[in-house]
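final-v4.tsv (TSV, C-alpha atoms) appears below.
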```tsv
chain	number	residue	atom	x	y	z
A	592	VAL	CA	-90.35	-91.96	8.36
A	593	ALA	CA	-91.28	-94.02	11.43
A	594	LYS	CA	-90.66	-97.27	9.57
A	595	ALA	CA	-87.32	-96.11	8.16
A	596	VAL	CA	-86.09	-95.00	11.58
A	597	LYS	CA	-87.62	-98.14	13.12
A	598	PHE	CA	-89.69	-96.38	15.77
A	599	SER	CA	-92.04	-98.69	17.64
A	600	ASP	CA	-95.75	-98.24	16.94
A	601	GLU	CA	-96.20	-96.66	20.36
A	602	MET	CA	-93.35	-94.21	19.77
A	603	ALA	CA	-94.56	-93.40	16.26
A	604	ASP	CA	-98.04	-92.64	17.63
A	605	ALA	CA	-96.60	-90.34	20.28
A	606	ILE	CA	-94.42	-88.54	17.74
A	607	LEU	CA	-97.37	-88.10	15.39
A	608	ALA	CA	-99.47	-86.65	18.21
A	609	HIS	CA	-96.72	-84.17	19.11
A	610	PHE	CA	-96.23	-83.34	15.43
A	611	VAL	CA	-99.90	-82.49	14.94
A	612	ARG	CA	-100.13	-80.61	18.24
A	613	GLY	CA	-97.01	-78.61	17.38
A	614	GLY	CA	-98.73	-77.19	14.33
A	615	GLN	CA	-95.51	-76.99	12.33
A	616	LEU	CA	-96.28	-79.37	9.49
A	617	THR	CA	-92.80	-79.38	8.00
A	618	ALA	CA	-89.74	-81.61	8.12
A	619	GLY	CA	-88.50	-79.40	10.94
A	620	GLY	CA	-91.76	-80.07	12.74
A	621	VAL	CA	-91.00	-83.79	12.56
A	622	MET	CA	-87.63	-83.19	14.21
A	623	GLN	CA	-89.24	-81.06	16.90
A	624	ALA	CA	-91.88	-83.71	17.54
A	625	VAL	CA	-89.19	-86.34	18.04
A	626	THR	CA	-87.32	-84.19	20.54
A	627	SER	CA	-90.57	-83.22	22.23
A	628	VAL	CA	-91.47	-86.85	22.84
A	629	ALA	CA	-87.95	-87.53	24.08
A	630	GLN	CA	-88.49	-84.92	26.78
A	631	THR	CA	-91.47	-86.88	28.11
A	632	LEU	CA	-89.53	-90.11	28.64
A	633	ASP	CA	-88.44	-91.14	32.13
A	634	ASP	CA	-85.43	-93.15	30.98
A	635	ALA	CA	-82.54	-90.84	30.06
A	636	ASP	CA	-80.88	-93.44	27.84
A	637	THR	CA	-84.08	-93.99	25.87
A	638	ALA	CA	-84.59	-90.24	25.57
A	639	HIS	CA	-81.02	-89.81	24.28
A	640	ASP	CA	-81.45	-92.61	21.76
A	641	LEU	CA	-84.67	-91.04	20.50
A	642	GLU	CA	-83.15	-87.55	20.26
A	643	SER	CA	-80.20	-88.95	18.33
A	644	GLN	CA	-82.66	-89.96	15.59
A	645	ALA	CA	-84.27	-86.50	15.28
A	646	LEU	CA	-82.05	-85.21	12.45
A	647	ARG	CA	-82.40	-88.45	10.51
A	648	ALA	CA	-86.18	-88.25	10.87
A	649	MET	CA	-86.14	-84.65	9.63
A	650	ASN	CA	-83.99	-85.55	6.61
A	651	LEU	CA	-86.26	-88.47	5.73
A	652	ALA	CA	-89.34	-86.28	6.05
A	653	ALA	CA	-87.76	-83.65	3.81
A	654	GLN	CA	-87.16	-86.28	1.14
A	655	ALA	CA	-90.72	-87.57	1.23
```
Written form, structure tokens:
Amino acid sequence: VAKAVKFSDEMADAILAHFVRGGQLTAGGVMQAVTSVAQTLDDADTAHDLESQALRAMNLAAQA
């Protein structure tokens, strides 16, 4: 999923950490992890860009 959405390694690691911590190991959990990480970012534009990829990440995870 991270490669398809082209998340940086650092961002992918953060999303994975939030995904595991969230305990919802589903495609929806992937989406929630993406939005959770976005909430930790200081730059609003970067956070928006990340959140805009959440549904795509969920759909890719559901297909995997």
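Among the candidates A:Val596, A:Ala648, A:Ile606, A:Leu616, the residue lying nearest to Val628 in chain A is A:Ile606 (atoms considered: all atoms listed in the file).
In terms of minimum interatomic distance to Thr631 in chain A, A:Met602 ranks closest within A:Ala618, A:Met602, A:Met649, A:Val592, counting only C-alpha atoms.
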### Query
Do you know which residues lie at most 12 Å from (-99.8, -83.8, 19.2), with coordinates as in the file and all atoms listed in the file counted, and could you write them as number ranges by chain?
A: 603-616, 620-621, 623-625, 627-628
Axis-aligned box for range 651-655 of chain A, 5 Å per side, centre and edges in Å as lines of an AutoDock Vina configuration file:
```
center_x = -88.5
center_y = -86.1
center_z = 3.6
size_x = 14.5
size_y = 14.8
size_z = 14.9
```
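CA of Gln654 in chain A to CA of Gln630 in chain A spans 25.7 Å [interatomic distance, one decimal].
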### Query
Quick one: distance from CA of Glu642 in chain A to CA of Gly619 in chain A in Å, one decimal?
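Taking CA of Glu642 in chain A and CA of Gly619 in chain A, their separation equals 13.5 Å.
The residue that comes closest to Met622 in chain A, out of A:Ser643, A:Ala655, A:Lys594, A:Asp636 and on the basis of all atoms listed in the file, is A:Ser643.
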### Task
State, in Å with one decimal place, the distance from CA of Leu641 in chain A to CA of Ser599 in chain A.
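Between these atoms lies a distance of 11.0 Å.
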### Query
Using all atoms listed in the file, which of the listed residues (A:Asp600, A:Leu632, A:Thr626, A:Ala595) sits closest to Ala652 in chain A?
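Nearest to Ala652 in chain A: A:Ala595.
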